[in-house]
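Q: If it helps, the file is called protein06.cif and holds mmCIF, C-alpha atoms:
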data_my_file
loop_
_atom_site.group_PDB
_atom_site.id
_atom_site.type_symbol
_atom_site.label_atom_id
_atom_site.label_comp_id
_atom_site.auth_asym_id
_atom_site.auth_seq_id
_atom_site.Cartn_x
_atom_site.Cartn_y
_atom_site.Cartn_z
ATOM 1 C CA MET A 1 0.000 0.000 0.000
ATOM 2 C CA ASP A 2 2.849 2.414 0.846
ATOM 3 C CA ASP A 3 4.496 1.860 -2.541
ATOM 4 C CA LEU A 4 1.188 2.415 -4.310
ATOM 5 C CA ASN A 5 0.502 5.540 -2.255
ATOM 6 C CA GLN A 6 3.896 6.943 -3.188
ATOM 7 C CA GLN A 7 3.398 6.109 -6.868
ATOM 8 C CA LEU A 8 -0.035 7.726 -6.886
ATOM 9 C CA THR A 9 1.337 10.816 -5.145
ATOM 10 C CA GLU A 10 4.009 11.252 -7.814
ATOM 11 C CA ILE A 11 1.500 10.616 -10.595
ATOM 12 C CA LEU A 12 -0.894 13.182 -9.091
ATOM 13 C CA LYS A 13 1.880 15.795 -8.825
ATOM 14 C CA ALA A 14 2.955 15.218 -12.433
ATOM 15 C CA SER A 15 -0.651 15.422 -13.681
ATOM 16 C CA VAL A 16 -1.263 18.711 -11.857
ATOM 17 C CA VAL A 17 1.895 20.180 -13.393
ATOM 18 C CA ASP A 18 0.918 18.989 -16.888
ATOM 19 C CA ALA A 19 -2.606 20.399 -16.622
ATOM 20 C CA PHE A 20 -1.539 23.830 -15.369
ATOM 21 C CA GLN A 21 1.435 24.201 -17.675
ATOM 22 C CA ALA A 22 -0.737 23.359 -20.674
ATOM 23 C CA THR A 23 -3.647 25.628 -19.769
ATOM 24 C CA ILE A 24 -2.060 28.646 -18.066
ATOM 25 C CA GLY A 25 1.630 28.219 -18.851
ATOM 26 C CA LEU A 26 2.681 28.165 -15.185
ATOM 27 C CA LYS A 27 4.168 25.381 -13.096
ATOM 28 C CA PRO A 28 2.246 25.103 -9.806
ATOM 29 C CA GLU A 29 4.394 25.184 -6.664
ATOM 30 C CA ILE A 30 3.694 22.898 -3.751
ATOM 31 C CA THR A 31 3.390 24.441 -0.301
ATOM 32 C CA GLU A 32 3.389 22.786 3.101
ATOM 33 C CA ASP A 33 1.310 25.672 4.468
ATOM 34 C CA SER A 34 -2.416 25.389 5.002
ATOM 35 C CA ILE A 35 -4.403 27.213 2.370
ATOM 36 C CA LEU A 36 -7.685 27.356 4.261
ATOM 37 C CA SER A 37 -9.370 30.700 4.172
ATOM 38 C CA ASP A 38 -12.687 32.215 5.106
ATOM 39 C CA ASP A 39 -13.306 33.244 1.526
ATOM 40 C CA ALA A 40 -16.017 31.767 -0.619
ATOM 41 C CA CYS A 41 -14.667 28.760 -2.455
ATOM 42 C CA ILE A 42 -15.494 25.984 -4.862
ATOM 43 C CA ILE A 43 -14.753 22.281 -4.936
ATOM 44 C CA SER A 44 -14.817 20.462 -8.260
ATOM 45 C CA SER A 45 -14.762 16.704 -7.998
ATOM 46 C CA ILE A 46 -14.671 13.718 -10.378
ATOM 47 C CA GLY A 47 -15.325 10.126 -9.409
ATOM 48 C CA PHE A 48 -13.632 7.085 -10.833
ATOM 49 C CA THR A 49 -14.022 3.343 -10.647
ATOM 50 C CA GLY A 50 -11.902 0.428 -11.764
ATOM 51 C CA THR A 51 -9.152 -1.380 -9.912
ATOM 52 C CA LEU A 52 -9.159 1.776 -7.788
ATOM 53 C CA ASP A 53 -12.360 3.496 -6.702
ATOM 54 C CA GLY A 54 -12.582 7.049 -5.429
ATOM 55 C CA SER A 55 -12.599 10.673 -6.439
ATOM 56 C CA CYS A 56 -10.220 13.457 -7.336
ATOM 57 C CA SER A 57 -11.018 17.021 -6.280
ATOM 58 C CA ILE A 58 -9.697 20.543 -6.497
ATOM 59 C CA CYS A 59 -10.585 23.086 -3.809
ATOM 60 C CA LEU A 60 -9.885 26.790 -4.191
ATOM 61 C CA SER A 61 -11.244 30.257 -3.458
ATOM 62 C CA TYR A 62 -13.344 32.195 -5.940
ATOM 63 C CA ALA A 63 -10.434 34.606 -6.379
ATOM 64 C CA SER A 64 -7.968 31.841 -7.302
ATOM 65 C CA ALA A 65 -10.515 30.194 -9.600
ATOM 66 C CA GLN A 66 -11.109 33.481 -11.419
ATOM 67 C CA LYS A 67 -7.355 34.105 -11.796
ATOM 68 C CA ILE A 68 -6.796 30.610 -13.234
ATOM 69 C CA VAL A 69 -9.609 30.856 -15.770
ATOM 70 C CA SER A 70 -8.628 34.454 -16.642
ATOM 71 C CA ARG A 71 -5.224 33.104 -17.631
ATOM 72 C CA MET A 72 -6.783 30.176 -19.497
ATOM 73 C CA LEU A 73 -8.935 32.427 -21.641
ATOM 74 C CA GLN A 74 -6.617 35.457 -21.541
ATOM 75 C CA ILE A 75 -9.440 37.771 -20.549
ATOM 76 C CA ASP A 76 -10.275 39.674 -17.348
ATOM 77 C CA ILE A 77 -12.841 37.862 -15.228
ATOM 78 C CA GLU A 78 -14.340 39.780 -12.351
ATOM 79 C CA ASP A 79 -17.270 37.566 -11.381
ATOM 80 C CA MET A 80 -17.733 33.956 -10.432
ATOM 81 C CA ASN A 81 -19.452 33.141 -13.709
ATOM 82 C CA GLU A 82 -20.175 29.999 -15.710
ATOM 83 C CA ASP A 83 -16.829 30.176 -17.498
ATOM 84 C CA VAL A 84 -15.022 29.941 -14.143
ATOM 85 C CA ILE A 85 -17.046 26.894 -13.032
ATOM 86 C CA ASP A 86 -16.547 25.299 -16.453
ATOM 87 C CA GLY A 87 -12.829 26.103 -16.498
ATOM 88 C CA ILE A 88 -12.147 24.622 -13.063
ATOM 89 C CA SER A 89 -14.233 21.540 -13.937
ATOM 90 C CA GLU A 90 -12.102 21.115 -17.057
ATOM 91 C CA GLN A 91 -8.951 21.509 -15.007
ATOM 92 C CA ILE A 92 -9.854 18.652 -12.632
ATOM 93 C CA ASN A 93 -10.966 16.640 -15.675
ATOM 94 C CA MET A 94 -7.503 17.065 -17.187
ATOM 95 C CA ILE A 95 -5.760 16.233 -13.913
ATOM 96 C CA ILE A 96 -7.643 12.949 -13.493
ATOM 97 C CA GLY A 97 -7.334 12.259 -17.236
ATOM 98 C CA GLY A 98 -3.585 12.694 -16.955
ATOM 99 C CA MET A 99 -3.502 10.387 -13.933
ATOM 100 C CA LYS A 100 -5.429 7.763 -15.846
ATOM 101 C CA MET A 101 -2.854 7.795 -18.635
ATOM 102 C CA LYS A 102 0.081 7.695 -16.235
ATOM 103 C CA LEU A 103 -1.469 4.777 -14.328
ATOM 104 C CA VAL A 104 -0.002 2.468 -16.976
ATOM 105 C CA GLU A 105 3.109 2.656 -14.759
ATOM 106 C CA THR A 106 1.132 0.719 -12.131
ATOM 107 C CA ASP A 107 -1.120 -2.318 -12.363
ATOM 108 C CA HIS A 108 -4.164 -0.103 -11.965
ATOM 109 C CA THR A 109 -6.743 1.385 -14.283
ATOM 110 C CA PHE A 110 -10.056 3.206 -13.907
ATOM 111 C CA GLU A 111 -12.855 4.898 -15.790
ATOM 112 C CA ILE A 112 -13.726 8.452 -14.882
ATOM 113 C CA SER A 113 -17.071 10.110 -14.333
ATOM 114 C CA ILE A 114 -18.172 13.699 -14.943
ATOM 115 C CA PRO A 115 -17.228 16.685 -12.751
ATOM 116 C CA THR A 116 -19.454 17.965 -9.956
ATOM 117 C CA THR A 117 -18.789 21.472 -8.696
ATOM 118 C CA ILE A 118 -19.971 22.868 -5.371
ATOM 119 C CA LYS A 119 -19.807 26.472 -4.134
ATOM 120 C CA GLY A 120 -19.675 27.451 -0.481
ATOM 121 C CA ASN A 121 -17.673 29.047 2.297
ATOM 122 C CA ARG A 122 -14.671 27.685 4.137
ATOM 123 C CA MET A 123 -14.994 24.209 2.642
ATOM 124 C CA VAL A 124 -12.538 21.390 3.081
ATOM 125 C CA ILE A 125 -12.433 17.878 1.687
ATOM 126 C CA LEU A 126 -12.639 15.250 4.402
ATOM 127 C CA SER A 127 -12.068 11.546 4.329
ATOM 128 C CA ASP A 128 -13.173 9.467 7.231
ATOM 129 C CA PHE A 129 -14.238 6.304 5.444
ATOM 130 C CA SER A 130 -12.729 2.976 6.321
ATOM 131 C CA HIS A 131 -10.410 1.332 3.813
ATOM 132 C CA THR A 132 -9.780 4.631 1.980
ATOM 133 C CA THR A 133 -6.623 6.651 1.598
ATOM 134 C CA MET A 134 -6.436 10.344 0.758
ATOM 135 C CA ILE A 135 -3.547 12.175 -0.834
ATOM 136 C CA THR A 136 -3.794 15.970 -0.509
ATOM 137 C CA ILE A 137 -1.345 18.428 -1.995
ATOM 138 C CA ASN A 138 -1.504 22.192 -1.456
ATOM 139 C CA TYR A 139 -0.258 24.684 -4.012
ATOM 140 C CA SER A 140 0.553 28.369 -3.701
ATOM 141 C CA PHE A 141 2.091 30.424 -6.518
ATOM 142 C CA ASP A 142 1.623 33.736 -8.270
ATOM 143 C CA ASP A 143 -1.242 34.777 -5.975
ATOM 144 C CA ILE A 144 -3.109 31.522 -6.732
ATOM 145 C CA GLN A 145 -3.794 28.892 -4.079
ATOM 146 C CA PHE A 146 -5.532 25.558 -4.359
ATOM 147 C CA SER A 147 -5.454 22.038 -3.036
ATOM 148 C CA VAL A 148 -5.867 18.810 -4.972
ATOM 149 C CA SER A 149 -7.060 15.660 -3.235
ATOM 150 C CA PHE A 150 -7.048 12.085 -4.493
ATOM 151 C CA LEU A 151 -9.213 9.794 -2.393
ATOM 152 C CA TYR A 152 -9.066 6.085 -3.217
ATOM 153 C CA LYS A 153 -9.487 2.533 -2.187
ATOM 154 C CA ILE A 154 -8.447 -0.635 -3.943
ATOM 155 C CA HIS A 155 -11.471 -2.167 -5.613
ATOM 156 C CA LYS A 156 -12.495 -5.594 -4.466
ATOM 157 C CA ASP A 157 -15.185 -7.467 -6.311
ATOM 158 C CA LYS A 158 -17.743 -9.419 -4.308
ATOM 159 C CA GLU A 159 -16.208 -12.793 -5.131
ATOM 160 C CA GLN A 160 -12.746 -11.646 -4.076
ATOM 161 C CA GLU A 161 -14.160 -10.133 -0.892
ATOM 162 C CA ALA A 162 -16.029 -13.362 -0.086
ATOM 163 C CA LEU A 163 -12.836 -15.405 -0.618
ATOM 164 C CA GLU A 164 -10.840 -13.090 1.628
ATOM 165 C CA LYS A 165 -13.477 -13.270 4.365
ATOM 166 C CA GLN A 166 -13.516 -17.060 4.075
ATOM 167 C CA LYS A 167 -9.720 -17.184 4.370
ATOM 168 C CA ALA A 168 -9.683 -14.827 7.350
ATOM 169 C CA ARG A 169 -12.390 -16.892 9.053
ATOM 170 C CA ALA A 170 -10.491 -20.137 8.382
ATOM 171 C CA GLU A 171 -7.307 -18.630 9.906
ATOM 172 C CA ALA A 172 -9.211 -17.437 12.952
ATOM 173 C CA MET A 173 -10.869 -20.856 13.376
ATOM 174 C CA ALA A 174 -7.453 -22.535 13.040
ATOM 175 C CA LYS A 175 -6.069 -20.332 15.850
ATOM 176 C CA LEU A 176 -9.107 -21.131 17.970
ATOM 177 C CA SER A 177 -8.624 -24.861 17.337
ATOM 178 C CA GLN A 178 -4.984 -24.564 18.471
ATOM 179 C CA LEU A 179 -6.120 -22.946 21.708
ATOM 180 C CA VAL A 180 -8.650 -25.707 22.313
ATOM 181 C CA ASP A 181 -6.066 -28.400 21.513
ATOM 182 C CA GLY A 182 -3.611 -26.701 23.872
ATOM 183 C CA ASP A 183 -6.017 -27.124 26.748
ATOM 184 C CA MET B 1 -11.730 28.745 -47.098
ATOM 185 C CA LYS B 2 -12.958 25.670 -45.289
ATOM 186 C CA LYS B 3 -14.711 25.914 -41.934
ATOM 187 C CA ILE B 4 -13.590 24.349 -38.662
ATOM 188 C CA LEU B 5 -16.087 22.529 -36.434
ATOM 189 C CA VAL B 6 -15.197 22.401 -32.707
ATOM 190 C CA VAL B 7 -17.210 19.888 -30.675
ATOM 191 C CA ASP B 8 -16.908 19.925 -26.863
ATOM 192 C CA ASP B 9 -19.485 20.146 -24.074
ATOM 193 C CA SER B 10 -17.207 22.595 -22.215
ATOM 194 C CA GLY B 11 -17.628 26.178 -23.396
ATOM 195 C CA VAL B 12 -14.244 27.058 -21.895
ATOM 196 C CA GLN B 13 -12.522 24.247 -23.821
ATOM 197 C CA ARG B 14 -14.139 25.380 -27.075
ATOM 198 C CA LYS B 15 -12.963 28.956 -26.417
ATOM 199 C CA MET B 16 -9.417 27.786 -25.652
ATOM 200 C CA ILE B 17 -9.217 25.671 -28.803
ATOM 201 C CA ILE B 18 -10.576 28.559 -30.885
ATOM 202 C CA GLN B 19 -8.022 30.942 -29.352
ATOM 203 C CA ILE B 20 -5.160 28.588 -30.224
ATOM 204 C CA ILE B 21 -6.401 28.205 -33.799
ATOM 205 C CA LYS B 22 -6.758 31.974 -34.246
ATOM 206 C CA LYS B 23 -3.334 32.676 -32.739
ATOM 207 C CA ALA B 24 -1.851 30.088 -35.099
ATOM 208 C CA GLY B 25 -2.980 32.366 -37.913
ATOM 209 C CA PHE B 26 -6.007 30.479 -39.194
ATOM 210 C CA ASP B 27 -8.830 32.845 -40.179
ATOM 211 C CA ASN B 28 -11.272 30.085 -41.072
ATOM 212 C CA GLU B 29 -14.846 30.440 -39.869
ATOM 213 C CA ILE B 30 -15.362 28.357 -36.747
ATOM 214 C CA LEU B 31 -18.543 26.431 -36.007
ATOM 215 C CA GLU B 32 -19.275 25.085 -32.529
ATOM 216 C CA ALA B 33 -21.287 22.183 -31.126
ATOM 217 C CA ALA B 34 -21.766 21.110 -27.506
ATOM 218 C CA ASP B 35 -22.412 17.403 -28.110
ATOM 219 C CA GLY B 36 -22.500 14.742 -30.811
ATOM 220 C CA ASN B 37 -26.131 15.463 -31.734
ATOM 221 C CA GLN B 38 -25.435 19.157 -32.365
ATOM 222 C CA ALA B 39 -22.283 18.205 -34.249
ATOM 223 C CA ILE B 40 -24.275 15.912 -36.567
ATOM 224 C CA GLU B 41 -26.819 18.698 -37.231
ATOM 225 C CA THR B 42 -24.084 21.280 -37.842
ATOM 226 C CA LEU B 43 -22.164 18.918 -40.105
ATOM 227 C CA ALA B 44 -25.302 18.057 -42.088
ATOM 228 C CA ALA B 45 -25.954 21.763 -42.684
ATOM 229 C CA ASN B 46 -22.331 22.565 -43.609
ATOM 230 C CA PHE B 47 -20.825 19.323 -44.903
ATOM 231 C CA GLN B 48 -19.452 20.783 -48.113
ATOM 232 C CA ASP B 49 -17.702 23.596 -46.253
ATOM 233 C CA VAL B 50 -16.164 21.856 -43.208
ATOM 234 C CA GLY B 51 -12.463 21.161 -43.568
ATOM 235 C CA ILE B 52 -11.780 19.632 -40.126
ATOM 236 C CA VAL B 53 -13.657 18.560 -37.001
ATOM 237 C CA LEU B 54 -12.049 18.771 -33.547
ATOM 238 C CA CYS B 55 -14.044 16.525 -31.259
ATOM 239 C CA ASP B 56 -14.106 15.679 -27.550
ATOM 240 C CA TRP B 57 -15.022 12.152 -26.352
ATOM 241 C CA ASN B 58 -17.091 12.477 -23.179
ATOM 242 C CA MET B 59 -20.158 14.523 -24.002
ATOM 243 C CA PRO B 60 -23.834 14.261 -23.081
ATOM 244 C CA ASN B 61 -26.565 13.046 -25.474
ATOM 245 C CA MET B 62 -24.127 11.662 -28.064
ATOM 246 C CA SER B 63 -20.492 11.022 -27.190
ATOM 247 C CA GLY B 64 -17.553 11.807 -29.432
ATOM 248 C CA LEU B 65 -17.063 8.100 -30.074
ATOM 249 C CA GLU B 66 -20.667 7.716 -31.215
ATOM 250 C CA PHE B 67 -20.317 10.829 -33.384
ATOM 251 C CA ILE B 68 -17.178 9.639 -35.219
ATOM 252 C CA GLU B 69 -18.722 6.197 -35.688
ATOM 253 C CA ALA B 70 -21.862 7.750 -37.211
ATOM 254 C CA VAL B 71 -19.826 9.998 -39.525
ATOM 255 C CA ALA B 72 -17.757 7.054 -40.797
ATOM 256 C CA LYS B 73 -20.927 5.415 -42.130
ATOM 257 C CA VAL B 74 -22.109 8.340 -44.277
ATOM 258 C CA PRO B 75 -20.165 8.690 -47.565
ATOM 259 C CA ALA B 76 -20.943 12.409 -47.912
ATOM 260 C CA VAL B 77 -19.095 13.248 -44.686
ATOM 261 C CA ALA B 78 -16.878 10.199 -44.092
ATOM 262 C CA SER B 79 -13.835 11.836 -45.691
ATOM 263 C CA ILE B 80 -13.954 15.000 -43.543
ATOM 264 C CA PRO B 81 -10.864 14.862 -41.288
ATOM 265 C CA ILE B 82 -11.738 14.383 -37.633
ATOM 266 C CA VAL B 83 -9.249 14.906 -34.814
ATOM 267 C CA MET B 84 -10.236 13.779 -31.324
ATOM 268 C CA VAL B 85 -9.167 16.142 -28.534
ATOM 269 C CA THR B 86 -9.844 14.345 -25.260
ATOM 270 C CA THR B 87 -8.700 13.302 -21.774
ATOM 271 C CA GLU B 88 -9.230 9.686 -22.886
ATOM 272 C CA GLY B 89 -5.619 9.329 -23.940
ATOM 273 C CA THR B 90 -4.773 5.684 -23.227
ATOM 274 C CA ASP B 91 -3.668 3.344 -26.037
ATOM 275 C CA GLU B 92 -6.821 1.340 -25.429
ATOM 276 C CA LYS B 93 -9.062 4.348 -26.022
ATOM 277 C CA ILE B 94 -7.101 5.420 -29.104
ATOM 278 C CA ALA B 95 -7.554 1.919 -30.540
ATOM 279 C CA GLU B 96 -11.275 2.071 -29.729
ATOM 280 C CA ALA B 97 -11.599 5.389 -31.561
ATOM 281 C CA LYS B 98 -9.720 4.094 -34.612
ATOM 282 C CA ALA B 99 -11.903 1.005 -34.681
ATOM 283 C CA ALA B 100 -14.994 3.259 -34.632
ATOM 284 C CA ASN B 101 -13.628 5.425 -37.438
ATOM 285 C CA PRO B 102 -10.615 4.054 -39.364
ATOM 286 C CA ASN B 103 -10.261 7.420 -41.143
ATOM 287 C CA LEU B 104 -9.591 9.294 -37.892
ATOM 288 C CA ALA B 105 -7.107 12.017 -38.832
ATOM 289 C CA GLY B 106 -5.552 12.596 -35.418
ATOM 290 C CA TYR B 107 -5.761 12.169 -31.663
ATOM 291 C CA ILE B 108 -4.675 14.823 -29.156
ATOM 292 C CA PRO B 109 -4.808 13.851 -25.469
ATOM 293 C CA LYS B 110 -5.717 16.625 -22.998
ATOM 294 C CA PRO B 111 -4.003 18.531 -21.530
ATOM 295 C CA PHE B 112 -2.387 19.680 -24.744
ATOM 296 C CA THR B 113 -0.067 22.578 -25.415
ATOM 297 C CA PRO B 114 -0.911 25.105 -28.136
ATOM 298 C CA ASP B 115 1.988 23.727 -30.221
ATOM 299 C CA GLN B 116 0.616 20.187 -30.047
ATOM 300 C CA LEU B 117 -2.745 21.357 -31.369
ATOM 301 C CA LYS B 118 -1.160 23.508 -34.083
ATOM 302 C CA GLU B 119 1.165 20.703 -35.260
ATOM 303 C CA THR B 120 -1.771 18.341 -35.766
ATOM 304 C CA VAL B 121 -4.283 20.809 -37.176
ATOM 305 C CA ALA B 122 -2.070 22.922 -39.455
ATOM 306 C CA PRO B 123 -1.247 20.296 -42.128
ATOM 307 C CA ILE B 124 -4.865 19.147 -42.271
ATOM 308 C CA LEU B 125 -6.206 22.696 -42.683
ATOM 309 C CA SER B 126 -3.558 23.593 -45.237
ATOM 310 C CA ALA B 127 -4.497 20.562 -47.315
ATOM 311 C CA ALA B 128 -8.224 21.315 -46.966
ATOM 312 C CA GLY B 129 -7.841 24.878 -48.264
#
Turn this file's structure into structure tokens for me.
A:
Amino acid sequence: MDDLNQQLTEILKASVVDAFQATIGLKPEITEDSILSDDACIISSIGFTGTLDGSCSICLSYASAQKIVSRMLQIDIEDMNEDVIDGISEQINMIIGGMKMKLVETDHTFEISIPTTIKGNRMVILSDFSHTTMITINYSFDDIQFSVSFLYKIHKDKEQEALEKQKARAEAMAKLSQLVDGD
Amino acid sequence: MKKILVVDDSGVQRKMIIQIIKKAGFDNEILEAADGNQAIETLAANFQDVGIVLCDWNMPNMSGLEFIEAVAKVPAVASIPIVMVTTEGTDEKIAEAKAANPNLAGYIPKPFTPDQLKETVAPILSAAG
């Protein structure tokens, strides 16, 4: 799991760089600082399923979103309009699309869904589900701040899950039998 | 001068592609469609004038794959060069697209740089006139 987590982290970083360099000509810079703010923000998220299940999301303030899409379209954007929502949705689409292509370096593959974008205040992406792992990377550069999160779990089909449960039960019963025999 | 048809459900993506084409020096009239259905209607109305179609894959109503498959079956439009511009960039997806339309003129995975788009589109547009 640690090796996979590391691989996915590197793939996510590379995909973020590719997406931003292609669309706004800037290389995003990672920051260890928190980028939470009280400003209004948006989260754009895309789900995926395959050998990995989960979602990939970008979270950023209205101001950062407007700056990014302004650079994409090379126009001034002063409001949180449809172009900004569309542009950020496309950005997360390209990030997860890039990850999907780079996943050939691993044994994993997935199909991606469509973006969902939510607006609100002081939002964060949380992960408190069992058997899931979340990779979050914060970026801060050129007066733009955002975080990208990749939440995943390894897909298990029902047959595989049933076999694993059966094996775990058999091992537990074997240990119990040893205890009984030891008496 | 032939027209260019840009098919993508994202308005921002269509604008970006159009910007790149214009900055590359192409003054061709640009037609837009937001899904495969609209693309079919636009192509039917302009088939003699369209010199290239730039088409996304994942779109509502009719996907890019369905669109290129439909076009391949109609002799009047089958020879119009189509270039897919999409996040579906794996070898498997490229093979699927080529199977749907063996005449596919190009495939540009997103994200793409302006140069990548220009390098694919320029020779096709120059040949189309």
Q: Expanded to explicit residues, what is the PyMOL selection byres ((chain B and resi 34) around 10) for this file, as a PyMOL selection string?
A: chain B and resi 6-11+14+32-33+35-39+55-56+59-62
Q: Got time to write the residues from that selection, C-alpha atoms, as an mmCIF file, in the coordinates of the input?
A:
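In the end it all went to selection.cif:
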data_model
loop_
_atom_site.group_PDB
_atom_site.id
_atom_site.type_symbol
_atom_site.label_atom_id
_atom_site.label_comp_id
_atom_site.auth_asym_id
_atom_site.auth_seq_id
_atom_site.Cartn_x
_atom_site.Cartn_y
_atom_site.Cartn_z
ATOM 1 C CA VAL B 6 -15.197 22.401 -32.707
ATOM 2 C CA VAL B 7 -17.210 19.888 -30.675
ATOM 3 C CA ASP B 8 -16.908 19.925 -26.863
ATOM 4 C CA ASP B 9 -19.485 20.146 -24.074
ATOM 5 C CA SER B 10 -17.207 22.595 -22.215
ATOM 6 C CA GLY B 11 -17.628 26.178 -23.396
ATOM 7 C CA ARG B 14 -14.139 25.380 -27.075
ATOM 8 C CA GLU B 32 -19.275 25.085 -32.529
ATOM 9 C CA ALA B 33 -21.287 22.183 -31.126
ATOM 10 C CA ASP B 35 -22.412 17.403 -28.110
ATOM 11 C CA GLY B 36 -22.500 14.742 -30.811
ATOM 12 C CA ASN B 37 -26.131 15.463 -31.734
ATOM 13 C CA GLN B 38 -25.435 19.157 -32.365
ATOM 14 C CA ALA B 39 -22.283 18.205 -34.249
ATOM 15 C CA CYS B 55 -14.044 16.525 -31.259
ATOM 16 C CA ASP B 56 -14.106 15.679 -27.550
ATOM 17 C CA MET B 59 -20.158 14.523 -24.002
ATOM 18 C CA PRO B 60 -23.834 14.261 -23.081
ATOM 19 C CA ASN B 61 -26.565 13.046 -25.474
ATOM 20 C CA MET B 62 -24.127 11.662 -28.064
#
Q: In Å, with one decimal, what is the gap from CA of Ile30 in chain A to CA of Ala63 in chain A?
A: 18.5 Å
Q: Please identify all polymer residues within 9 Å of Tyr107 in chain B, counting only C-alpha atoms, omitting same-chain residues fewer than 3 positions from it, and present them as a PyMOL selection string.
A: chain B and resi 82-86+89+94+97+104+120
Q: What does the PyMOL selection byres ((chain A and resi 48) around 12) select in this file, as a ChimeraX atom specification?
A: /A:45-47,49-57,93,96-97,99-100,108-115,150-155
Q: Dump as a PDB file with C-alpha atoms, in the coordinates of the input the residues of chain A that approach chain B to within 7 Å, counting all atoms listed in the file.
A:
ATOM      1  CA  ASP A  18       0.918  18.989 -16.888  1.00  0.00           C
ATOM      2  CA  ALA A  19      -2.606  20.399 -16.622  1.00  0.00           C
ATOM      3  CA  ALA A  22      -0.737  23.359 -20.674  1.00  0.00           C
ATOM      4  CA  LEU A  73      -8.935  32.427 -21.641  1.00  0.00           C
ATOM      5  CA  ASP A  83     -16.829  30.176 -17.498  1.00  0.00           C
ATOM      6  CA  ASP A  86     -16.547  25.299 -16.453  1.00  0.00           C
ATOM      7  CA  GLY A  87     -12.829  26.103 -16.498  1.00  0.00           C
ATOM      8  CA  MET A  94      -7.503  17.065 -17.187  1.00  0.00           C
ATOM      9  CA  GLY A  97      -7.334  12.259 -17.236  1.00  0.00           C
ATOM     10  CA  MET A 101      -2.854   7.795 -18.635  1.00  0.00           C
TER      11      MET A 101
END
Q: Taking the file above as input, evaluate the PyMOL selection byres ((chain B and resi 44-48) around 9) and report the hits as a ChimeraX atom specification.
A: /B:2-3,39-43,49-51,76-77,80
Q: Work out how far apart CA of Leu60 in chain A and CA of Ser147 in chain A are and give it in Å to one decimal.
A: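 Between CA of Leu60 in chain A and CA of Ser147 in chain A the gap works out to 6.6 Å.
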Q: In Å, with one decimal, what is the gap from CA of Asn138 in chain A to CA of Leu126 in chain A?
A: 14.4 Å
Q: Between A:Ser44, A:Ile135, A:Gln21, A:Lys102, which residue has the minimum interatomic distance to Val84 in chain A, considering all atoms listed in the file?
A: A:Ser44
Q: Let me have the centre and edge lengths in Å, one decimal, of the box along x, y and z around every listed atom of range 49-59 of chain B with 4 Å of margin on each side, as lines of an AutoDock Vina configuration file.
A:
center_x = -16.0
center_y = 17.9
center_z = -34.7
size_x = 16.4
size_y = 19.4
size_z = 31.1
Q: Can you tell me which residues surround Val121 in chain B at a distance of at most 9 Å, considering all atoms listed in the file, apart from same-chain residues fewer than 5 positions away, and format the answer as a PyMOL selection string?
A: chain B and resi 21+52+54+83+106+116+126
Q: With distances taken over only C-alpha atoms, which residue among B:Val71, B:Ala105, B:Met1, B:Lys98 lies nearest Ala128 in chain B?
A: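 Result for the nearest residue to Ala128 in chain B: B:Met1.
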